[in-house]
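Trainee: Just start-v2.pdb, nothing more (PDB, C-alpha atoms):
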```pdb
ATOM      1  CA  MET I   1       0.000   0.000   0.000
ATOM      2  CA  LYS I   2       1.784   3.119  -1.236
ATOM      3  CA  ILE I   3       0.243   5.449   1.345
ATOM      4  CA  ALA I   4       0.682   2.987   4.223
ATOM      5  CA  GLU I   5       2.969   5.143   6.357
ATOM      6  CA  THR I   6       0.787   8.248   6.114
ATOM      7  CA  VAL I   7      -1.503   6.760   8.757
ATOM      8  CA  THR I   8      -1.570   8.618  12.087
ATOM      9  CA  PHE I   9       1.394   7.499  14.243
ATOM     10  CA  GLY I  10       2.788   5.974  11.052
ATOM     11  CA  GLY I  11       6.320   7.097  11.750
ATOM     12  CA  SER I  12       8.374  10.181  11.015
ATOM     13  CA  GLY I  13      11.864   8.795  10.607
ATOM     14  CA  LEU I  14      12.767   9.660  14.181
ATOM     15  CA  ASP I  15      16.321   8.696  15.079
ATOM     16  CA  ARG I  16      15.586   6.557  18.125
ATOM     17  CA  ALA I  17      19.328   6.200  18.816
ATOM     18  CA  ALA I  18      18.822   2.818  20.463
ATOM     19  CA  GLU I  19      22.587   2.342  20.675
ATOM     20  CA  MET I  20      22.749   5.321  23.083
ATOM     21  CA  ARG I  21      20.095   4.247  25.581
ATOM     22  CA  GLY I  22      22.732   3.058  28.008
ATOM     23  CA  GLN I  23      24.093   6.629  28.049
ATOM     24  CA  ALA I  24      20.749   8.246  28.873
ATOM     25  CA  ASP I  25      21.959   9.921  32.076
ATOM     26  CA  SER I  26      24.824  11.719  30.350
ATOM     27  CA  LEU I  27      22.616  12.664  27.391
ATOM     28  CA  ARG I  28      20.084  14.162  29.759
ATOM     29  CA  ALA I  29      22.794  16.408  31.182
ATOM     30  CA  GLN I  30      23.560  17.952  27.791
ATOM     31  CA  GLU I  31      22.636  21.615  27.435
ATOM     32  CA  ASN I  32      20.678  20.962  24.237
ATOM     33  CA  ALA I  33      18.602  18.128  25.732
ATOM     34  CA  ARG I  34      14.859  18.648  25.536
ATOM     35  CA  VAL I  35      11.907  16.997  27.239
ATOM     36  CA  ILE I  36       8.264  16.468  26.356
ATOM     37  CA  LEU I  37       5.772  16.186  29.214
ATOM     38  CA  LEU I  38       2.857  13.855  29.835
ATOM     39  CA  TRP I  39       0.271  13.875  32.595
ATOM     40  CA  ARG I  40      -1.559  10.567  32.994
ATOM     41  CA  GLY I  41      -0.908   9.768  29.349
ATOM     42  CA  LYS I  42      -1.909  13.205  28.049
ATOM     43  CA  PRO I  43       0.870  15.114  26.238
ATOM     44  CA  MET I  44       1.418  18.813  26.818
ATOM     45  CA  ILE I  45       0.304  20.678  23.690
ATOM     46  CA  LEU I  46       0.821  24.279  22.606
ATOM     47  CA  ASN I  47      -0.516  25.550  19.280
ATOM     48  CA  ASP I  48      -1.108  21.968  18.090
ATOM     49  CA  GLU I  49       2.506  21.048  18.798
ATOM     50  CA  VAL I  50       4.007  18.804  21.468
ATOM     51  CA  THR I  51       6.026  21.099  23.726
ATOM     52  CA  ARG I  52       9.774  20.599  24.006
ATOM     53  CA  LEU I  53      11.251  22.213  27.079
ATOM     54  CA  PRO I  54      14.772  22.475  28.523
ATOM     55  CA  MET I  55      15.574  20.243  31.469
ATOM     56  CA  THR I  56      15.930  23.337  33.661
ATOM     57  CA  HIS I  57      12.336  24.532  33.165
ATOM     58  CA  PRO I  58      10.532  25.149  36.500
ATOM     59  CA  ILE I  59       7.781  22.666  35.609
ATOM     60  CA  MET I  60      10.340  19.883  35.965
ATOM     61  CA  ASP I  61      10.094  20.261  39.740
ATOM     62  CA  ASP I  62       6.871  18.214  39.508
ATOM     63  CA  ALA I  63       8.250  15.578  37.122
ATOM     64  CA  ALA I  64       9.157  12.035  38.105
ATOM     65  CA  PRO I  65      12.954  11.653  38.260
ATOM     66  CA  ALA I  66      13.121   8.733  35.803
ATOM     67  CA  MET I  67      12.676   9.731  32.164
ATOM     68  CA  ILE I  68      12.279   7.972  28.827
ATOM     69  CA  PHE I  69      14.938   8.575  26.180
ATOM     70  CA  LEU I  70      12.978   8.898  22.936
ATOM     71  CA  GLY I  71      15.800   9.607  20.509
ATOM     72  CA  ARG I  72      17.486  12.538  18.797
ATOM     73  CA  GLU I  73      16.189  15.489  16.799
ATOM     74  CA  ASP I  74      18.838  17.350  14.822
ATOM     75  CA  GLY I  75      21.408  15.731  17.084
ATOM     76  CA  ALA I  76      19.728  16.874  20.306
ATOM     77  CA  PRO I  77      18.518  14.210  22.759
ATOM     78  CA  VAL I  78      14.774  14.178  23.431
ATOM     79  CA  PHE I  79      13.254  12.713  26.593
ATOM     80  CA  ALA I  80       9.754  12.233  27.986
ATOM     81  CA  ALA I  81       8.909  13.067  31.596
ATOM     82  CA  ASP I  82       5.876  11.993  33.600
ATOM     83  CA  LEU I  83       3.972  14.570  35.671
ATOM     84  CA  SER I  84       1.207  12.184  36.751
ATOM     85  CA  GLN I  85       1.851  12.778  40.466
ATOM     86  CA  TRP I  86       1.022  16.462  40.053
ATOM     87  CA  GLU I  87      -2.591  17.190  41.052
ATOM     88  CA  PRO I  88      -4.258  20.009  39.084
ATOM     89  CA  GLU I  89      -6.426  22.351  41.098
ATOM     90  CA  GLY I  90     -10.142  21.625  40.768
ATOM     91  CA  LEU I  91      -9.589  18.346  38.908
ATOM     92  CA  ASP I  92     -12.815  16.733  37.649
ATOM     93  CA  THR I  93     -11.989  13.026  37.782
ATOM     94  CA  ASP I  94     -15.299  12.008  36.169
ATOM     95  CA  THR I  95     -14.116  13.114  32.729
ATOM     96  CA  LEU I  96     -10.763  11.320  32.826
ATOM     97  CA  ASN I  97     -12.112   7.849  32.036
ATOM     98  CA  SER I  98     -14.758   8.886  29.527
ATOM     99  CA  PHE I  99     -14.718   7.612  25.930
ATOM    100  CA  LEU I 100     -13.042  10.815  24.757
ATOM    101  CA  ASP I 101     -11.832  12.904  27.685
ATOM    102  CA  PRO I 102     -12.567  16.538  26.723
ATOM    103  CA  SER I 103     -10.819  18.065  29.725
ATOM    104  CA  GLU I 104      -7.496  19.866  29.606
ATOM    105  CA  GLN I 105      -5.126  20.486  32.493
ATOM    106  CA  ARG I 106      -2.793  23.476  32.761
ATOM    107  CA  HIS I 107       0.253  23.794  34.985
ATOM    108  CA  LEU I 108       1.046  27.150  36.606
ATOM    109  CA  ALA I 109       4.632  26.947  35.351
ATOM    110  CA  MET I 110       3.396  26.608  31.744
ATOM    111  CA  PRO I 111      -0.130  28.114  31.667
ATOM    112  CA  GLN I 112      -0.166  28.762  27.926
ATOM    113  CA  ALA I 113       0.027  25.014  27.179
ATOM    114  CA  ALA I 114      -2.402  22.224  28.090
ATOM    115  CA  PHE I 115      -2.315  18.504  28.754
ATOM    116  CA  ALA I 116      -4.799  17.111  26.224
ATOM    117  CA  GLU I 117      -6.188  13.654  25.467
ATOM    118  CA  LEU I 118      -4.070  12.217  22.645
ATOM    119  CA  ARG I 119      -7.109  10.832  20.804
ATOM    120  CA  ALA I 120      -8.511  14.369  20.634
ATOM    121  CA  VAL I 121      -5.406  16.015  19.174
ATOM    122  CA  MET I 122      -3.688  13.216  17.238
ATOM    123  CA  THR I 123      -4.939  14.299  13.807
ATOM    124  CA  ARG I 124      -3.654  17.830  14.364
ATOM    125  CA  LEU I 125      -0.113  16.812  15.262
ATOM    126  CA  SER I 126       2.779  16.584  12.837
ATOM    127  CA  PRO I 127       4.057  13.052  12.115
ATOM    128  CA  ARG I 128       7.067  13.683  14.361
ATOM    129  CA  ASP I 129       5.006  14.993  17.264
ATOM    130  CA  ALA I 130       2.536  12.126  16.896
ATOM    131  CA  GLU I 131       5.360   9.576  16.995
ATOM    132  CA  LEU I 132       6.966  11.162  20.054
ATOM    133  CA  ALA I 133       3.683  11.385  21.950
ATOM    134  CA  ALA I 134       2.593   7.851  21.048
ATOM    135  CA  THR I 135       5.954   6.364  22.004
ATOM    136  CA  ALA I 136       6.097   8.199  25.311
ATOM    137  CA  LYS I 137       2.519   7.309  26.231
ATOM    138  CA  ALA I 138       2.995   3.622  25.435
ATOM    139  CA  ILE I 139       6.307   3.260  27.287
ATOM    140  CA  MET I 140       5.058   5.132  30.350
ATOM    141  CA  GLY I 141       1.962   2.953  30.417
ATOM    142  CA  TRP I 142       4.133  -0.161  30.293
ATOM    143  CA  HIS I 143       6.217   1.004  33.251
ATOM    144  CA  ARG I 144       3.083   1.694  35.310
ATOM    145  CA  SER I 145       1.711  -1.803  34.706
ATOM    146  CA  HIS I 146       5.023  -3.696  34.958
ATOM    147  CA  ARG I 147       6.603  -2.422  38.169
ATOM    148  CA  PHE I 148       7.177  -5.922  39.496
ATOM    149  CA  CYS I 149       9.319  -8.713  38.111
ATOM    150  CA  ALA I 150       7.323 -11.403  36.293
ATOM    151  CA  ARG I 151       9.850 -14.033  37.413
ATOM    152  CA  CYS I 152      10.045 -13.456  41.160
ATOM    153  CA  GLY I 153       7.594 -10.678  42.049
ATOM    154  CA  ALA I 154      10.163  -8.219  43.407
ATOM    155  CA  GLU I 155       9.949  -4.585  42.380
ATOM    156  CA  SER I 156      12.113  -3.888  39.328
ATOM    157  CA  GLU I 157      13.877  -0.704  38.265
ATOM    158  CA  MET I 158      13.888   1.300  35.062
ATOM    159  CA  ALA I 159      17.068   1.003  32.969
ATOM    160  CA  MET I 160      18.436   1.754  29.513
ATOM    161  CA  GLY I 161      16.726   5.111  29.187
ATOM    162  CA  GLY I 162      13.359   3.590  30.030
ATOM    163  CA  TRP I 163      13.520   0.752  27.490
ATOM    164  CA  GLN I 164      14.184  -1.960  30.055
ATOM    165  CA  ARG I 165      13.384  -2.953  33.622
ATOM    166  CA  ASN I 166      15.909  -4.880  35.700
ATOM    167  CA  CYS I 167      15.220  -6.986  38.755
ATOM    168  CA  ALA I 168      17.964  -6.830  41.391
ATOM    169  CA  ALA I 169      16.468  -9.772  43.262
ATOM    170  CA  CYS I 170      16.706 -12.435  40.546
ATOM    171  CA  GLY I 171      18.650 -10.734  37.755
ATOM    172  CA  GLY I 172      15.689 -10.718  35.380
ATOM    173  CA  HIS I 173      15.493  -8.261  32.470
ATOM    174  CA  HIS I 174      12.142  -7.137  31.092
ATOM    175  CA  PHE I 175      11.377  -5.208  27.917
ATOM    176  CA  PRO I 176       8.393  -3.166  26.689
ATOM    177  CA  ARG I 177       5.659  -5.265  25.130
ATOM    178  CA  THR I 178       3.499  -4.469  22.126
ATOM    179  CA  ASP I 179       0.302  -6.421  21.569
ATOM    180  CA  PRO I 180      -0.348  -7.406  17.913
ATOM    181  CA  VAL I 181      -3.899  -6.689  16.771
ATOM    182  CA  VAL I 182      -5.490  -7.363  13.388
ATOM    183  CA  ILE I 183      -8.038  -4.917  12.025
ATOM    184  CA  MET I 184      -9.698  -5.906   8.791
ATOM    185  CA  LEU I 185     -11.378  -4.350   5.805
ATOM    186  CA  ILE I 186     -13.664  -7.255   4.907
ATOM    187  CA  THR I 187     -15.519  -6.694   1.646
ATOM    188  CA  HIS I 188     -18.048  -8.537  -0.458
ATOM    189  CA  GLY I 189     -18.698  -6.914  -3.802
ATOM    190  CA  ASN I 190     -19.576  -3.276  -3.175
ATOM    191  CA  ALA I 191     -20.024  -3.592   0.592
ATOM    192  CA  VAL I 192     -17.784  -3.543   3.662
ATOM    193  CA  LEU I 193     -18.342  -5.235   7.015
ATOM    194  CA  VAL I 194     -18.421  -2.959  10.071
ATOM    195  CA  GLY I 195     -19.321  -3.427  13.716
ATOM    196  CA  ARG I 196     -19.592  -1.562  16.985
ATOM    197  CA  SER I 197     -18.701  -2.157  20.616
ATOM    198  CA  PRO I 198     -20.967  -1.391  23.575
ATOM    199  CA  GLY I 199     -20.521   2.111  24.922
ATOM    200  CA  TRP I 200     -19.546   3.701  21.623
ATOM    201  CA  PRO I 201     -21.336   6.908  20.597
ATOM    202  CA  GLU I 202     -24.662   6.201  18.937
ATOM    203  CA  GLY I 203     -24.254   5.442  15.233
ATOM    204  CA  MET I 204     -20.482   4.928  15.380
ATOM    205  CA  TYR I 205     -19.220   1.839  13.543
ATOM    206  CA  SER I 206     -15.719   0.665  12.712
ATOM    207  CA  LEU I 207     -13.871  -2.264  11.190
ATOM    208  CA  LEU I 208     -13.725  -5.514  13.125
ATOM    209  CA  ALA I 209     -10.527  -6.107  15.080
ATOM    210  CA  GLY I 210      -8.978  -8.553  17.524
ATOM    211  CA  PHE I 211      -5.761  -9.674  19.169
ATOM    212  CA  VAL I 212      -3.431 -12.114  17.443
ATOM    213  CA  GLU I 213      -3.106 -15.286  19.516
ATOM    214  CA  PRO I 214       0.162 -17.133  20.249
ATOM    215  CA  GLY I 215       1.131 -19.468  17.403
ATOM    216  CA  GLU I 216      -1.154 -17.690  14.957
ATOM    217  CA  THR I 217      -0.371 -15.898  11.690
ATOM    218  CA  ILE I 218      -1.868 -12.517  10.877
ATOM    219  CA  GLU I 219      -3.969 -14.084   8.128
ATOM    220  CA  ALA I 220      -5.299 -16.791  10.439
ATOM    221  CA  ALA I 221      -6.155 -14.195  13.079
ATOM    222  CA  VAL I 222      -8.174 -12.209  10.526
ATOM    223  CA  ARG I 223     -10.195 -15.257   9.541
ATOM    224  CA  ARG I 224     -10.741 -16.397  13.133
ATOM    225  CA  GLU I 225     -11.782 -13.009  14.501
ATOM    226  CA  VAL I 226     -14.246 -12.246  11.698
ATOM    227  CA  PHE I 227     -15.884 -15.649  12.003
ATOM    228  CA  GLU I 228     -16.017 -15.447  15.816
ATOM    229  CA  GLU I 229     -17.523 -11.966  15.885
ATOM    230  CA  ALA I 230     -19.780 -11.956  12.835
ATOM    231  CA  GLY I 231     -20.046 -15.530  11.520
ATOM    232  CA  VAL I 232     -18.462 -14.572   8.199
ATOM    233  CA  ARG I 233     -15.919 -16.849   6.520
ATOM    234  CA  VAL I 234     -12.954 -15.057   4.936
ATOM    235  CA  GLY I 235     -10.909 -16.310   1.999
ATOM    236  CA  SER I 236      -7.995 -14.298   0.627
ATOM    237  CA  VAL I 237      -6.248 -11.979   3.112
ATOM    238  CA  ARG I 238      -3.563  -9.392   2.392
ATOM    239  CA  TYR I 239      -1.658  -6.939   4.536
ATOM    240  CA  LEU I 240      -2.218  -3.209   3.899
ATOM    241  CA  SER I 241      -0.714  -1.029   6.614
ATOM    242  CA  SER I 242       0.157  -0.894  10.311
ATOM    243  CA  GLN I 243      -0.364   1.627  13.077
ATOM    244  CA  PRO I 244       1.132   1.899  16.553
ATOM    245  CA  TRP I 245      -1.878   2.424  18.838
ATOM    246  CA  PRO I 246      -0.817   3.558  22.318
ATOM    247  CA  PHE I 247      -4.194   2.910  23.991
ATOM    248  CA  PRO I 248      -2.456   1.307  25.758
ATOM    249  CA  SER I 249       0.186  -0.552  23.716
ATOM    250  CA  SER I 250      -0.958  -2.227  20.512
ATOM    251  CA  LEU I 251       0.347  -2.522  16.978
ATOM    252  CA  MET I 252      -2.578  -2.623  14.565
ATOM    253  CA  PHE I 253      -2.095  -4.743  11.429
ATOM    254  CA  GLY I 254      -4.509  -3.446   8.817
ATOM    255  CA  CYS I 255      -5.580  -6.152   6.374
ATOM    256  CA  ALA I 256      -8.016  -6.617   3.521
ATOM    257  CA  GLY I 257     -10.062  -9.786   3.291
ATOM    258  CA  ASP I 258     -12.589 -11.261   0.880
ATOM    259  CA  ALA I 259     -15.801 -12.493   2.495
ATOM    260  CA  LEU I 260     -17.080 -15.889   1.354
ATOM    261  CA  ASN I 261     -20.585 -15.343   2.737
ATOM    262  CA  THR I 262     -22.719 -12.399   3.846
ATOM    263  CA  ASP I 263     -25.054 -13.907   6.449
ATOM    264  CA  LEU I 264     -24.243 -12.483   9.893
ATOM    265  CA  THR I 265     -24.213 -14.364  13.182
ATOM    266  CA  ILE I 266     -23.192 -11.798  15.776
ATOM    267  CA  ASP I 267     -21.436 -12.809  18.984
ATOM    268  CA  LEU I 268     -22.941 -10.355  21.462
ATOM    269  CA  GLU I 269     -20.198 -11.186  23.954
ATOM    270  CA  GLU I 270     -17.678  -9.685  21.511
ATOM    271  CA  ILE I 271     -19.547  -6.874  19.731
ATOM    272  CA  GLU I 272     -22.889  -5.119  19.979
ATOM    273  CA  ASP I 273     -23.780  -5.102  16.290
ATOM    274  CA  ALA I 274     -22.394  -5.676  12.803
ATOM    275  CA  MET I 275     -23.679  -4.877   9.342
ATOM    276  CA  TRP I 276     -22.755  -4.612   5.692
ATOM    277  CA  VAL I 277     -22.453  -1.050   4.378
ATOM    278  CA  THR I 278     -22.304  -0.177   0.699
ATOM    279  CA  ARG I 279     -19.627   2.102  -0.704
ATOM    280  CA  GLU I 280     -22.263   4.763  -1.360
ATOM    281  CA  GLU I 281     -23.570   4.612   2.209
ATOM    282  CA  MET I 282     -20.054   4.841   3.627
ATOM    283  CA  ALA I 283     -19.302   7.830   1.398
ATOM    284  CA  ASP I 284     -22.401   9.544   2.789
ATOM    285  CA  ALA I 285     -21.256   8.750   6.329
ATOM    286  CA  PHE I 286     -17.789  10.226   5.677
ATOM    287  CA  ALA I 287     -19.450  13.338   4.277
ATOM    288  CA  GLY I 288     -21.688  13.620   7.330
ATOM    289  CA  ASN I 289     -24.814  13.053   5.267
ATOM    290  CA  HIS I 290     -25.893   9.615   6.480
ATOM    291  CA  PRO I 291     -28.954   9.765   8.784
ATOM    292  CA  LYS I 292     -27.693   7.079  11.192
ATOM    293  CA  LEU I 293     -24.152   5.935  10.422
ATOM    294  CA  LEU I 294     -21.065   7.647  11.820
ATOM    295  CA  PRO I 295     -17.652   6.735  10.401
ATOM    296  CA  ALA I 296     -14.750   5.358  12.412
ATOM    297  CA  ARG I 297     -12.861   7.910  14.500
ATOM    298  CA  LYS I 298     -10.467  10.118  12.542
ATOM    299  CA  GLY I 299      -6.854   9.197  13.213
ATOM    300  CA  ALA I 300      -7.640   5.516  13.748
ATOM    301  CA  ILE I 301      -6.402   3.047  11.142
ATOM    302  CA  ALA I 302     -10.010   1.948  10.550
ATOM    303  CA  HIS I 303     -10.853   5.431   9.260
ATOM    304  CA  PHE I 304      -7.640   5.446   7.222
ATOM    305  CA  LEU I 305      -8.432   2.099   5.550
ATOM    306  CA  LEU I 306     -12.065   2.954   4.860
ATOM    307  CA  GLU I 307     -11.041   6.271   3.341
ATOM    308  CA  ALA I 308      -8.487   4.484   1.143
ATOM    309  CA  TRP I 309     -11.146   1.947   0.095
ATOM    310  CA  LEU I 310     -13.539   4.734  -0.871
ATOM    311  CA  SER I 311     -10.864   6.464  -2.955
ATOM    312  CA  ASP I 312      -9.451   3.268  -4.518
ATOM    313  CA  ARG I 313      -6.027   3.714  -2.892
ATOM    314  CA  LEU I 314      -5.534   0.288  -1.330
ATOM    315  CA  ASP I 315      -2.668  -0.598  -3.702
TER     316      ASP I 315
END
```
So, in terms of structure tokens, how does the structure I just supplied come out?
Mentor:
Amino acid sequence: MKIAETVTFGGSGLDRAAEMRGQADSLRAQENARVILLWRGKPMILNDEVTRLPMTHPIMDDAAPAMIFLGREDGAPVFAADLSQWEPEGLDTDTLNSFLDPSEQRHLAMPQAAFAELRAVMTRLSPRDAELAATAKAIMGWHRSHRFCARCGAESEMAMGGWQRNCAACGGHHFPRTDPVVIMLITHGNAVLVGRSPGWPEGMYSLLAGFVEPGETIEAAVRREVFEEAGVRVGSVRYLSSQPWPFPSSLMFGCAGDALNTDLTIDLEEIEDAMWVTREEMADAFAGNHPKLLPARKGAIAHFLLEAWLSDRLD
């Protein structure tokens, strides 16, 4: 797929400088080192850009001491710092776990910028800013959920610029995980198969998706998931594009598949509904003219693949 890497979070050619992760402490001390900030997974944004601040900025007084080394920009090291322990004044916790958190938090040391939900701003960010924010959010989330050694249960420590955790008790080394997920553009003639999960906004549908199981190929996962969720058998499967999805730490494998039947048998334990939508109906939905159907969320690979299907750009 020629436009594969234009998907949101598709990559910007960032120099991740993996060979320098063991030198993170000395890199952090460099005068030209910069840091991006996240609060509970929300990057700090100013004028639709991820902020890059010097290590000496006053806001760093509220940052956790351990930082993630993200790579280099124009030779300058870039880190990510976590401000999750900072408590904004008047915080409304009810909005934080909503489907799309609309709230923004502002720190007194940087009042012109705001911590914003990444889903809400991801389509406005440059490819570089999107990659930095997605990487930082995913790695920080991994550290929060993997504080303890999986071998012996002792608390482990961050190492290698945040790309490793070491256990002093048993000598174990642990590395960030990414969960492989297939998401599939299943078509039959002029129609595409879409579904929805419980709790989504009314009228919102997307492509079917599911985790790849151990010992399973991407193609087999596509066929299994579609049959399990919708009762549709899939024949030919081909890979189209991938997307890092840091909610919390998935890699989405976008595939196209040919349906062998159209009768639907929906597994209500997996999805709330599924249906076939014609190209014309989907075009109306993308244009905002469909009376009931909303398209997949902008920025998600489902929206990207459907848009490519509508414009005949899957090759």
Trainee: Tell me which residues the PyMOL selection byres ((chain I and resi 247) around 9) grabs here, as a PyMOL selection string.
Mentor: chain I and resi 134+137-138+141+245-246+248-250
Trainee: For Arg21 of chain I, which residue among I:Thr8, I:Gln243, I:Gln164, I:Asn261 is the nearest when counting all atoms listed in the file?
Mentor: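 Closest to Arg21 of chain I, using all atoms listed in the file: I:Gln164.
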Trainee: Residues within 8 Å of (12.3, 9.6, 15.4), file coordinates, counting all atoms listed in the file: what are they? Give the list as a VMD selection string.
Mentor: chain I and resid 11 to 16 70 to 73 128 131 to 132
Trainee: Write out, as a PDB file, keeping the file's coordinate frame, the residues just selected, with C-alpha atoms.
Mentor:
```pdb
ATOM      1  CA  GLY I  11       6.320   7.097  11.750  1.00  0.00           C
ATOM      2  CA  SER I  12       8.374  10.181  11.015  1.00  0.00           C
ATOM      3  CA  GLY I  13      11.864   8.795  10.607  1.00  0.00           C
ATOM      4  CA  LEU I  14      12.767   9.660  14.181  1.00  0.00           C
ATOM      5  CA  ASP I  15      16.321   8.696  15.079  1.00  0.00           C
ATOM      6  CA  ARG I  16      15.586   6.557  18.125  1.00  0.00           C
ATOM      7  CA  LEU I  70      12.978   8.898  22.936  1.00  0.00           C
ATOM      8  CA  GLY I  71      15.800   9.607  20.509  1.00  0.00           C
ATOM      9  CA  ARG I  72      17.486  12.538  18.797  1.00  0.00           C
ATOM     10  CA  GLU I  73      16.189  15.489  16.799  1.00  0.00           C
ATOM     11  CA  ARG I 128       7.067  13.683  14.361  1.00  0.00           C
ATOM     12  CA  GLU I 131       5.360   9.576  16.995  1.00  0.00           C
ATOM     13  CA  LEU I 132       6.966  11.162  20.054  1.00  0.00           C
TER      14      LEU I 132
END
```
Trainee: For Pro291 of chain I, work out the shell of residues within 12 Å, counting only C-alpha atoms and skipping chain neighbours fewer than 6 positions away, then give it as a PyMOL selection string.
Mentor: chain I and resi 202-204+281-282+284-285
Trainee: Once the PyMOL selection byres ((chain I and resi 117) around 10) is applied to the coordinates I shared, what remains selected? I want it as a list in words.
Mentor: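 Applied to this file, the PyMOL selection byres ((chain I and resi 117) around 10) selects Trp39, Arg40, Gly41, Lys42, Pro43, Met44, Ile45, Leu96, Leu100, Asp101, Pro102, Ser103, Glu104, Gln105, Ala114, Phe115, Ala116, Leu118, Arg119, Ala120, Val121 and Met122 of chain I.
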Trainee: Pick from I:Gly90, I:Pro127, I:Gly189, I:Gly153: nearest to Thr262 of chain I, with all atoms listed in the file counted?
Mentor: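 Nearest candidate to Thr262 of chain I out of I:Gly90, I:Pro127, I:Gly189, I:Gly153: I:Gly189.
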Trainee: If I take atom CA of Lys298 of chain I and atom CA of Asn190 of chain I, how far is one from the other in Å, to one decimal?
Mentor: 22.6 Å
Trainee: Pick out the residues sitting within 9 Å of Gly22 of chain I, and hand them over as a list in words; count only C-alpha atoms, and ignore anything fewer than 6 positions along from it in its own chain.
Mentor: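 Residues meeting the cut-off are Ala159, Met160 and Gly161 of chain I.
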Trainee: Provide an axis-aligned box for all listed atoms of segment 1-8 of chain I, padding each side by 6 Å; report its centre and its edge lengths in Å to one decimal, as JSON.
Mentor:
```
{"center_x": 0.7, "center_y": 4.3, "center_z": 5.4, "size_x": 16.5, "size_y": 20.6, "size_z": 25.3}
```
Trainee: Pick the closest to Ala150 of chain I from I:Gly171, I:Pro111, I:Pro58, I:Gly231: which is it, counting all atoms listed in the file?
Mentor: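 Among I:Gly171, I:Pro111, I:Pro58, I:Gly231, it is I:Gly171 that comes nearest to Ala150 of chain I.
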Trainee: Looking at all atoms listed in the file, which of I:Glu155, I:Asp74, I:Glu216, I:Asp82 is the one that sits closest to Ala168 of chain I?
Mentor: I:Glu155
Trainee: Could you please determine the separation between atom CA of Phe148 of chain I and atom CA of Cys167 of chain I in Å, to one decimal place?
Mentor: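 It comes out at 8.1 Å.
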Trainee: So the first atom is atom CA of Val212 of chain I and the second is atom CA of Gly199 of chain I; what is the distance between them in Å, to one decimal place?
Mentor: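 Spanning atom CA of Val212 of chain I to atom CA of Gly199 of chain I is a straight-line distance of 23.5 Å.
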Trainee: Under the PyMOL selection byres ((chain I and resi 198) around 9), which residues of this model are included? Write them out as a compact mmCIF listing (two decimals) with C-alpha atoms, in the coordinates of the input.
Mentor:
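Dumped everything to selection-v4.txt:
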```
# COMPACT_ATOMS: atom_id res chain seq x y z
CA ARG I 196 -19.59 -1.56 16.98
CA SER I 197 -18.70 -2.16 20.62
CA GLY I 199 -20.52 2.11 24.92
CA TRP I 200 -19.55 3.70 21.62
CA PRO I 201 -21.34 6.91 20.60
CA ILE I 271 -19.55 -6.87 19.73
CA GLU I 272 -22.89 -5.12 19.98
CA ASP I 273 -23.78 -5.10 16.29
```
Trainee: For Glu307 of chain I, find every residue with an atom within 12 Å (counting all atoms listed in the file), except residues of its own chain fewer than 6 positions away, and show them as a list of chain:residue names.
Mentor: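 Listed by chain and then number, they are I:Ile3, I:Val7, I:Leu185, I:Val192, I:Ser206, I:Leu207, I:Arg279, I:Met282, I:Ala283, I:Asp284, I:Ala285, I:Phe286, I:Ala287, I:Pro295, I:Ala296, I:Arg297, I:Lys298, I:Gly299, I:Ala300, I:Ile301, I:Arg313, I:Leu314.
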